[in-house]
file run.cif (mmCIF, C-alpha atoms)
data_data
#
loop_
_atom_site.label_atom_id
_atom_site.label_comp_id
_atom_site.auth_asym_id
_atom_site.auth_seq_id
_atom_site.Cartn_x
_atom_site.Cartn_y
_atom_site.Cartn_z
CA ALA O 1 5.39 -6.84 13.63
CA GLN O 2 6.29 -6.06 10.05
CA LYS O 3 3.16 -6.35 7.97
CA ILE O 4 4.83 -6.11 4.58
CA THR O 5 8.25 -7.62 4.02
CA GLN O 6 10.43 -7.18 0.98
CA THR O 7 13.52 -9.24 1.61
CA GLN O 8 15.56 -8.13 -1.39
CA PRO O 9 17.13 -4.72 -0.80
CA GLY O 10 18.69 -4.77 -4.28
CA MET O 11 18.34 -6.82 -7.45
CA PHE O 12 20.09 -6.86 -10.80
CA VAL O 13 18.59 -8.11 -14.05
CA GLN O 14 19.84 -8.20 -17.59
CA GLU O 15 17.88 -6.18 -20.11
CA LYS O 16 15.12 -8.22 -21.80
CA GLU O 17 15.08 -10.84 -19.05
CA ALA O 18 12.29 -11.37 -16.53
CA VAL O 19 12.69 -10.56 -12.85
CA THR O 20 10.66 -11.36 -9.73
CA LEU O 21 10.50 -9.01 -6.78
CA ASP O 22 9.38 -10.67 -3.57
CA CYS O 23 6.73 -9.45 -1.18
CA THR O 24 5.23 -11.24 1.80
CA TYR O 25 2.50 -9.83 4.00
CA ASP O 26 0.85 -10.48 7.29
CA THR O 27 -2.80 -9.82 8.05
CA SER O 28 -5.67 -11.53 9.78
CA ASP O 29 -8.20 -9.82 7.50
CA GLN O 30 -9.96 -11.89 4.88
CA SER O 31 -10.43 -8.87 2.64
CA TYR O 32 -7.37 -6.88 1.71
CA GLY O 33 -5.68 -5.34 -1.27
CA LEU O 34 -2.07 -5.50 -2.38
CA PHE O 35 -0.41 -2.83 -4.48
CA TRP O 36 2.91 -2.34 -6.18
CA TYR O 37 4.40 1.07 -6.79
CA LYS O 38 7.50 2.11 -8.72
CA GLN O 39 9.72 4.97 -7.59
CA PRO O 40 12.28 5.99 -10.23
CA SER O 41 15.27 8.13 -9.34
CA SER O 42 13.19 11.23 -10.12
CA GLY O 43 11.24 10.41 -6.96
CA GLU O 44 7.59 10.14 -7.94
CA MET O 45 5.48 7.16 -6.87
CA ILE O 46 3.86 5.39 -9.80
CA PHE O 47 1.07 2.87 -9.29
CA LEU O 48 1.74 -0.36 -11.19
CA ILE O 49 -0.66 -3.12 -10.28
CA TYR O 50 -3.31 -4.22 -7.79
CA GLN O 51 -4.36 -7.63 -6.46
CA GLY O 52 -7.42 -8.18 -4.30
CA SER O 53 -7.51 -10.98 -1.78
CA TYR O 54 -10.66 -12.39 -3.37
CA ASP O 55 -9.43 -12.10 -6.94
CA GLU O 56 -9.25 -15.55 -8.45
CA GLN O 57 -6.85 -14.62 -11.20
CA ASN O 58 -3.39 -13.19 -10.81
CA ALA O 59 -3.35 -9.53 -11.81
CA THR O 60 -1.59 -8.49 -15.00
CA GLU O 61 -0.86 -5.03 -16.44
CA GLY O 62 1.23 -5.08 -19.56
CA ARG O 63 4.69 -6.37 -18.66
CA TYR O 64 3.78 -6.49 -14.97
CA SER O 65 2.12 -9.47 -13.37
CA LEU O 66 1.53 -10.46 -9.83
CA ASN O 67 2.26 -13.97 -8.58
CA PHE O 68 -0.30 -14.12 -5.79
CA GLN O 69 -0.06 -17.08 -3.43
CA LYS O 70 -2.65 -16.49 -0.77
CA ALA O 71 -1.83 -19.47 1.43
CA ARG O 72 1.79 -18.40 1.56
CA LYS O 73 0.81 -14.75 1.95
CA SER O 74 3.03 -13.67 -0.88
CA ALA O 75 2.43 -11.25 -3.73
CA ASN O 76 5.51 -11.19 -5.89
CA LEU O 77 5.83 -8.76 -8.77
CA VAL O 78 7.05 -10.21 -12.05
CA ILE O 79 8.43 -7.86 -14.67
CA SER O 80 8.86 -9.48 -18.05
CA ALA O 81 11.26 -8.34 -20.76
CA SER O 82 13.05 -5.84 -18.51
CA GLN O 83 13.91 -2.46 -19.94
CA LEU O 84 16.50 0.08 -18.81
CA GLY O 85 13.65 2.34 -17.72
CA ASP O 86 12.56 -0.29 -15.21
CA SER O 87 15.55 0.62 -13.03
CA ALA O 88 13.90 2.03 -9.93
CA MET O 89 12.83 1.27 -6.41
CA TYR O 90 9.72 -0.91 -6.10
CA PHE O 91 7.37 -0.90 -3.15
CA CYS O 92 4.80 -3.47 -2.15
CA ALA O 93 1.91 -2.12 -0.09
CA MET O 94 -1.24 -3.44 1.55
CA ARG O 95 -4.57 -2.02 2.52
CA GLU O 96 -6.43 -4.10 5.09
CA GLY O 97 -10.15 -4.47 4.58
CA SER O 98 -10.82 -3.86 8.26
CA SER O 99 -9.17 -0.47 8.01
CA ASN O 100 -11.72 2.30 7.71
CA THR O 101 -9.02 4.81 6.99
CA GLY O 102 -7.73 3.59 3.64
CA LYS O 103 -4.11 3.82 4.69
CA LEU O 104 -1.47 1.86 2.82
CA ILE O 105 1.20 -0.05 4.72
CA PHE O 106 4.43 -0.19 2.74
CA GLY O 107 7.33 -2.61 2.62
CA GLN O 108 10.94 -1.49 2.76
CA GLY O 109 11.31 -1.47 -1.01
CA THR O 110 13.56 -3.26 -3.48
CA THR O 111 15.98 -1.41 -5.74
CA LEU O 112 16.08 -2.92 -9.21
CA GLN O 113 18.89 -2.22 -11.64
CA VAL O 114 18.56 -3.30 -15.24
CA LYS O 115 21.88 -3.92 -16.96
CA PRO O 116 22.28 -3.30 -20.71
CA ASP U 1 -3.43 18.50 -16.14
CA THR U 2 -1.41 17.09 -13.22
CA ALA U 3 -3.58 14.82 -11.08
CA VAL U 4 -1.94 15.40 -7.69
CA SER U 5 0.35 18.38 -7.34
CA GLN U 6 2.47 19.57 -4.46
CA THR U 7 4.28 22.82 -3.80
CA PRO U 8 7.05 23.44 -3.24
CA LYS U 9 9.04 20.59 -4.74
CA TYR U 10 12.11 21.46 -2.66
CA LEU U 11 12.26 23.17 0.70
CA VAL U 12 15.50 24.02 2.49
CA THR U 13 15.13 25.77 5.81
CA GLN U 14 16.71 26.34 9.17
CA MET U 15 15.90 24.47 12.34
CA GLY U 16 13.18 26.17 14.34
CA ASN U 17 11.40 27.67 11.33
CA ASP U 18 7.76 27.07 10.41
CA LYS U 19 6.92 25.92 6.91
CA SER U 20 3.93 24.72 4.88
CA ILE U 21 3.52 22.28 2.03
CA LYS U 22 0.47 22.46 -0.20
CA CYS U 23 -1.28 19.68 -2.07
CA GLU U 24 -4.04 19.80 -4.61
CA GLN U 25 -5.80 17.04 -6.54
CA ASN U 26 -8.03 17.46 -9.58
CA LEU U 27 -9.29 13.87 -9.65
CA GLY U 28 -12.48 14.56 -7.76
CA HIS U 29 -11.33 12.23 -4.98
CA ASP U 30 -12.78 12.32 -1.49
CA THR U 31 -9.77 11.09 0.47
CA MET U 32 -6.32 12.62 0.73
CA TYR U 33 -3.21 11.51 2.59
CA TRP U 34 0.20 12.68 3.75
CA TYR U 35 3.03 10.16 3.81
CA LYS U 36 6.60 10.66 4.99
CA GLN U 37 9.51 8.92 3.28
CA ASP U 38 12.60 8.89 5.47
CA SER U 39 16.25 8.71 4.49
CA LYS U 40 16.03 4.91 4.25
CA LYS U 41 13.16 5.29 1.77
CA PHE U 42 10.62 3.90 4.21
CA LEU U 43 7.13 5.28 3.59
CA LYS U 44 4.74 5.81 6.45
CA ILE U 45 1.27 7.33 6.65
CA MET U 46 1.00 10.52 8.66
CA PHE U 47 -2.50 11.85 8.12
CA SER U 48 -5.60 11.18 6.10
CA TYR U 49 -8.62 13.33 5.43
CA ASN U 50 -11.92 12.17 4.03
CA ASN U 51 -14.15 14.95 2.76
CA LYS U 52 -12.29 17.50 4.88
CA GLU U 53 -12.58 15.33 8.00
CA LEU U 54 -9.44 14.00 9.70
CA ILE U 55 -9.54 10.21 9.82
CA ILE U 56 -5.92 9.23 10.50
CA ASN U 57 -3.36 10.84 12.74
CA GLU U 58 -0.58 8.34 13.11
CA THR U 59 1.35 9.37 16.22
CA VAL U 60 2.79 12.36 14.48
CA PRO U 61 4.22 15.13 16.70
CA ASN U 62 1.73 17.93 17.16
CA ARG U 63 4.20 20.28 15.46
CA PHE U 64 2.64 18.85 12.30
CA SER U 65 -0.81 20.18 11.56
CA PRO U 66 -2.73 19.23 8.44
CA LYS U 67 -5.52 21.40 7.11
CA SER U 68 -8.06 20.62 4.45
CA PRO U 69 -9.92 23.74 3.30
CA ASP U 70 -11.89 21.66 0.79
CA LYS U 71 -11.75 18.10 -0.45
CA ALA U 72 -9.40 18.97 -3.30
CA HIS U 73 -6.74 20.47 -1.03
CA LEU U 74 -4.71 19.13 1.87
CA ASN U 75 -1.96 21.27 3.32
CA LEU U 76 0.68 20.37 5.88
CA HIS U 77 2.05 22.96 8.26
CA ILE U 78 5.13 22.16 10.32
CA ASN U 79 6.12 24.27 13.32
CA SER U 80 9.55 24.50 14.92
CA LEU U 81 11.26 22.34 12.34
CA GLU U 82 13.80 19.83 13.60
CA LEU U 83 16.68 18.08 11.84
CA GLY U 84 14.74 14.80 11.98
CA ASP U 85 11.94 16.30 9.91
CA SER U 86 14.19 16.16 6.86
CA ALA U 87 12.45 13.75 4.51
CA VAL U 88 10.33 13.56 1.40
CA TYR U 89 6.67 14.28 2.04
CA PHE U 90 4.15 12.78 -0.34
CA CYS U 91 0.57 13.76 -0.76
CA ALA U 92 -1.78 11.14 -2.20
CA SER U 93 -5.45 10.84 -2.97
CA SER U 94 -7.99 8.10 -3.60
CA ARG U 95 -11.61 8.08 -4.67
CA ASP U 96 -12.60 7.07 -1.16
CA ARG U 97 -11.05 5.34 1.81
CA GLY U 98 -11.93 1.92 0.56
CA LEU U 99 -14.82 1.10 2.89
CA LEU U 100 -16.59 -0.87 0.18
CA SER U 101 -13.50 -2.37 -1.39
CA PRO U 102 -9.80 -2.33 -0.56
CA LYS U 103 -9.15 -1.69 -4.25
CA GLU U 104 -9.17 2.08 -4.12
CA THR U 105 -5.86 3.05 -5.65
CA GLN U 106 -3.94 5.94 -4.17
CA TYR U 107 -2.33 8.35 -6.59
CA PHE U 108 0.70 10.19 -5.36
CA GLY U 109 1.98 13.67 -5.91
CA PRO U 110 5.60 14.29 -6.95
CA GLY U 111 6.80 14.72 -3.36
CA THR U 112 8.31 17.64 -1.45
CA ARG U 113 11.93 17.23 -0.45
CA LEU U 114 12.40 18.98 2.88
CA LEU U 115 15.89 19.60 4.22
CA VAL U 116 16.27 21.11 7.66
CA LEU U 117 19.70 22.59 8.39
#
call {"tool": "encode", "arguments": {"input": "run.cif", "output": "structure tokens"}}
result
Amino acid sequence: AQKITQTQPGMFVQEKEAVTLDCTYDTSDQSYGLFWYKQPSSGEMIFLIYQGSYDEQNATEGRYSLNFQKARKSANLVISASQLGDSAMYFCAMREGSSNTGKLIFGQGTTLQVKP
Amino acid sequence: DTAVSQTPKYLVTQMGNDKSIKCEQNLGHDTMYWYKQDSKKFLKIMFSYNNKELIINETVPNRFSPKSPDKAHLNLHINSLELGDSAVYFCASSRDRGLLSPKETQYFGPGTRLLVL
């Protein structure tokens, strides 16, 4: 069963607008971590933001915030004031607390294009 | 001052050859990983080492053999390359494997683009 699902293969957003990238997850663990990574066309994987399952507040990092809805098992990434440089592929990933290996399980990714 | 580096960045080779990819991290991390990103951009864990000890081997063909000479280095050797091995291979590292907290962020290298002809 897919543990991390990103249902939007591609998204467009106008420059300076906000955009939400969806991520739903499936785990029976009580303790887990959710991560978002950005992969620009140059190919590197850039860590953006982290949300822990026990964190009471939604995570924020600059223009990135995470809309964490635990009961719905969703961890959507919100990018405010989009910039052209935000055009990239975005991956949601999860580490399960029961895992003693530290591995990340990735979603399929969402390609975001920011239009000028 | 690159945190996680990989060499080479590009690798083009013939089917049947043997090749190696090297990874080094200068973050002082204990845990290192190899991920494979296929042509559809899907990322999947292959191996993980913690303090030079193998802790994950995710049903990867035994043509792939990781080696960790010390905790700052994790190399990947691939024997008898096949067309299906064409992919981007990412090395990553984290402070530890997250036994105490799932928060341990993994930092990725730039990737090695392998093309098997």
call {"tool": "closest_residue", "arguments": {"input": "run.cif", "among": "U:Asn50, U:Asn75, U:Ser5, U:Ser94", "to": "Gly28 (chain U)", "atoms": "only C-alpha atoms"}}
result
U:Ser94
call {"tool": "closest_residue", "arguments": {"input": "run.cif", "among": "O:Ala75, O:Ala81, O:Ile105, O:Leu66", "to": "chain U", "atoms": "only C-alpha atoms"}}
result
O:Ile105
call {"tool": "resolve_selection", "arguments": {"input": "run.cif", "expression": "the PyMOL selection byres ((chain O) within 8 of (chain U))", "output": "JSON list (two decimals) with C-alpha atoms, keeping the file's coordinate frame"}}
result
[["chain", "number", "residue", "atom", "x", "y", "z"],
["O", 31, "SER", "CA", -10.43, -8.87, 2.64],
["O", 32, "TYR", "CA", -7.37, -6.88, 1.71],
["O", 33, "GLY", "CA", -5.68, -5.34, -1.27],
["O", 43, "GLY", "CA", 11.24, 10.41, -6.96],
["O", 44, "GLU", "CA", 7.59, 10.14, -7.94],
["O", 45, "MET", "CA", 5.48, 7.16, -6.87],
["O", 46, "ILE", "CA", 3.86, 5.39, -9.80],
["O", 47, "PHE", "CA", 1.07, 2.87, -9.29],
["O", 50, "TYR", "CA", -3.31, -4.22, -7.79],
["O", 51, "GLN", "CA", -4.36, -7.63, -6.46],
["O", 52, "GLY", "CA", -7.42, -8.18, -4.30],
["O", 95, "ARG", "CA", -4.57, -2.02, 2.52],
["O", 96, "GLU", "CA", -6.43, -4.10, 5.09],
["O", 97, "GLY", "CA", -10.15, -4.47, 4.58],
["O", 99, "SER", "CA", -9.17, -0.47, 8.01],
["O", 100, "ASN", "CA", -11.72, 2.30, 7.71],
["O", 101, "THR", "CA", -9.02, 4.81, 6.99],
["O", 102, "GLY", "CA", -7.73, 3.59, 3.64],
["O", 103, "LYS", "CA", -4.11, 3.82, 4.69],
["O", 104, "LEU", "CA", -1.47, 1.86, 2.82],
["O", 105, "ILE", "CA", 1.20, -0.05, 4.72],
["O", 106, "PHE", "CA", 4.43, -0.19, 2.74],
["O", 107, "GLY", "CA", 7.33, -2.61, 2.62],
["O", 108, "GLN", "CA", 10.94, -1.49, 2.76],
["O", 109, "GLY", "CA", 11.31, -1.47, -1.01]]
call {"tool": "closest_residue", "arguments": {"input": "run.cif", "among": "O:Ser98, O:Tyr37, O:Thr20, O:Ser53", "to": "Ser65 (chain O)", "atoms": "only C-alpha atoms"}}
result
O:Thr20
call {"tool": "closest_residue", "arguments": {"input": "run.cif", "among": "O:Ser87, O:Lys73, O:Arg63, O:Lys115", "to": "Asp22 (chain O)", "atoms": "all atoms listed in the file"}}
result
O:Lys73
call {"tool": "atom_distance", "arguments": {"input": "run.cif", "atom1": "CA of Gly84 (chain U)", "atom2": "CA of Asn17 (chain U)"}}
result
13.3 Å
call {"tool": "atom_distance", "arguments": {"input": "run.cif", "atom1": "CA of Asn26 (chain U)", "atom2": "CA of Leu77 (chain O)"}}
result
29.7 Å
call {"tool": "decode", "arguments": {"input": "run.cif", "residues": "chain O", "atoms": "C-alpha atoms", "output": "mmCIF file, in the first residue's frame"}}
result
data_model
loop_
_atom_site.group_PDB
_atom_site.id
_atom_site.type_symbol
_atom_site.label_atom_id
_atom_site.label_comp_id
_atom_site.auth_asym_id
_atom_site.auth_seq_id
_atom_site.Cartn_x
_atom_site.Cartn_y
_atom_site.Cartn_z
ATOM 1 C CA ALA O 1 0.000 0.000 0.000
ATOM 2 C CA GLN O 2 1.219 3.474 -0.827
ATOM 3 C CA LYS O 3 2.396 5.091 2.369
ATOM 4 C CA ILE O 4 2.835 8.586 0.986
ATOM 5 C CA THR O 5 0.494 9.901 -1.677
ATOM 6 C CA GLN O 6 0.891 13.093 -3.633
ATOM 7 C CA THR O 7 -2.123 13.311 -5.897
ATOM 8 C CA GLN O 8 -1.073 16.325 -7.952
ATOM 9 C CA PRO O 9 1.452 15.352 -10.616
ATOM 10 C CA GLY O 10 1.684 18.973 -11.793
ATOM 11 C CA MET O 11 0.602 22.381 -10.524
ATOM 12 C CA PHE O 12 0.752 25.901 -11.892
ATOM 13 C CA VAL O 13 0.771 29.071 -9.818
ATOM 14 C CA GLN O 14 1.079 32.713 -10.681
ATOM 15 C CA GLU O 15 4.108 34.510 -9.327
ATOM 16 C CA LYS O 16 3.464 36.123 -5.918
ATOM 17 C CA GLU O 17 0.449 33.918 -5.212
ATOM 18 C CA ALA O 18 0.283 31.162 -2.613
ATOM 19 C CA VAL O 19 0.088 27.487 -3.547
ATOM 20 C CA THR O 20 -0.695 24.307 -1.619
ATOM 21 C CA LEU O 21 0.880 20.987 -2.483
ATOM 22 C CA ASP O 22 -1.010 18.006 -1.129
ATOM 23 C CA CYS O 23 0.418 15.069 0.769
ATOM 24 C CA THR O 24 -1.417 12.282 2.550
ATOM 25 C CA TYR O 25 0.253 9.487 4.464
ATOM 26 C CA ASP O 26 -0.551 6.168 5.978
ATOM 27 C CA THR O 27 1.033 4.778 9.118
ATOM 28 C CA SER O 28 -0.030 2.991 12.252
ATOM 29 C CA ASP O 29 2.842 4.520 14.234
ATOM 30 C CA GLN O 30 2.059 7.196 16.787
ATOM 31 C CA SER O 31 5.476 8.751 16.382
ATOM 32 C CA TYR O 32 6.572 9.745 12.918
ATOM 33 C CA GLY O 33 8.115 12.607 11.038
ATOM 34 C CA LEU O 34 7.082 14.244 7.799
ATOM 35 C CA PHE O 35 9.497 16.035 5.505
ATOM 36 C CA TRP O 36 9.278 18.083 2.353
ATOM 37 C CA TYR O 37 12.104 18.274 -0.151
ATOM 38 C CA LYS O 38 12.514 20.417 -3.257
ATOM 39 C CA GLN O 39 14.220 19.116 -6.384
ATOM 40 C CA PRO O 40 14.937 21.871 -8.927
ATOM 41 C CA SER O 41 15.790 21.048 -12.520
ATOM 42 C CA SER O 42 19.472 20.941 -11.547
ATOM 43 C CA GLY O 43 18.630 17.739 -9.692
ATOM 44 C CA GLU O 44 19.741 18.204 -6.101
ATOM 45 C CA MET O 45 17.411 17.402 -3.203
ATOM 46 C CA ILE O 46 16.921 20.340 -0.853
ATOM 47 C CA PHE O 47 15.354 19.899 2.576
ATOM 48 C CA LEU O 48 12.576 22.427 3.170
ATOM 49 C CA ILE O 49 10.575 21.692 6.284
ATOM 50 C CA TYR O 50 9.843 19.087 8.947
ATOM 51 C CA GLN O 51 6.725 18.262 10.978
ATOM 52 C CA GLY O 52 6.702 15.815 13.862
ATOM 53 C CA SER O 53 3.593 13.856 14.696
ATOM 54 C CA TYR O 54 3.626 15.205 18.250
ATOM 55 C CA ASP O 55 4.285 18.802 17.274
ATOM 56 C CA GLU O 56 1.375 20.931 18.387
ATOM 57 C CA GLN O 57 2.091 23.784 16.030
ATOM 58 C CA ASN O 58 2.245 23.642 12.275
ATOM 59 C CA ALA O 59 5.832 23.961 11.087
ATOM 60 C CA THR O 60 6.946 27.125 9.324
ATOM 61 C CA GLU O 61 10.229 27.999 7.592
ATOM 62 C CA GLY O 62 10.218 31.355 5.888
ATOM 63 C CA ARG O 63 7.745 31.211 3.003
ATOM 64 C CA TYR O 64 7.103 27.514 3.615
ATOM 65 C CA SER O 65 4.516 26.258 6.051
ATOM 66 C CA LEU O 66 3.008 22.908 6.664
ATOM 67 C CA ASN O 67 -0.732 22.443 7.055
ATOM 68 C CA PHE O 68 -0.686 19.380 9.292
ATOM 69 C CA GLN O 69 -4.018 17.657 9.879
ATOM 70 C CA LYS O 70 -3.244 14.589 11.909
ATOM 71 C CA ALA O 71 -6.734 13.112 11.965
ATOM 72 C CA ARG O 72 -6.913 13.315 8.200
ATOM 73 C CA LYS O 73 -3.312 12.129 7.859
ATOM 74 C CA SER O 74 -2.394 15.009 5.636
ATOM 75 C CA ALA O 75 0.662 17.255 5.610
ATOM 76 C CA ASN O 76 0.229 19.788 2.867
ATOM 77 C CA LEU O 77 3.006 22.201 1.974
ATOM 78 C CA VAL O 78 2.001 25.825 1.566
ATOM 79 C CA ILE O 79 4.322 28.145 -0.320
ATOM 80 C CA SER O 80 3.427 31.790 0.091
ATOM 81 C CA ALA O 81 4.334 34.569 -2.340
ATOM 82 C CA SER O 82 5.583 32.184 -5.033
ATOM 83 C CA GLN O 83 8.761 33.091 -6.861
ATOM 84 C CA LEU O 84 10.041 31.905 -10.231
ATOM 85 C CA GLY O 85 12.780 30.023 -8.409
ATOM 86 C CA ASP O 86 10.144 27.896 -6.690
ATOM 87 C CA SER O 87 9.567 26.046 -9.976
ATOM 88 C CA ALA O 88 10.714 22.538 -9.138
ATOM 89 C CA MET O 89 9.564 19.092 -8.149
ATOM 90 C CA TYR O 90 8.452 18.740 -4.529
ATOM 91 C CA PHE O 91 8.553 15.526 -2.555
ATOM 92 C CA CYS O 92 6.767 14.651 0.643
ATOM 93 C CA ALA O 93 8.467 11.978 2.748
ATOM 94 C CA MET O 94 7.871 10.167 6.020
ATOM 95 C CA ARG O 95 10.008 8.473 8.595
ATOM 96 C CA GLU O 96 8.102 6.081 10.840
ATOM 97 C CA GLY O 97 9.035 6.110 14.494
ATOM 98 C CA SER O 98 8.996 2.318 14.634
ATOM 99 C CA SER O 99 11.666 2.187 11.959
ATOM 100 C CA ASN O 100 15.093 1.605 13.450
ATOM 101 C CA THR O 101 16.724 2.244 10.126
ATOM 102 C CA GLY O 102 15.935 5.905 9.587
ATOM 103 C CA LYS O 103 14.779 5.376 6.032
ATOM 104 C CA LEU O 104 12.552 7.927 4.357
ATOM 105 C CA ILE O 105 9.536 6.819 2.343
ATOM 106 C CA PHE O 106 8.834 9.236 -0.490
ATOM 107 C CA GLY O 107 5.722 10.221 -2.384
ATOM 108 C CA GLN O 108 5.597 10.407 -6.164
ATOM 109 C CA GLY O 109 6.328 14.123 -6.229
ATOM 110 C CA THR O 110 4.511 17.181 -7.544
ATOM 111 C CA THR O 111 5.956 19.391 -10.258
ATOM 112 C CA LEU O 112 5.295 23.058 -9.584
ATOM 113 C CA GLN O 113 5.596 25.699 -12.269
ATOM 114 C CA VAL O 114 5.493 29.344 -11.317
ATOM 115 C CA LYS O 115 4.258 31.617 -14.089
ATOM 116 C CA PRO O 116 5.534 35.208 -14.377
#
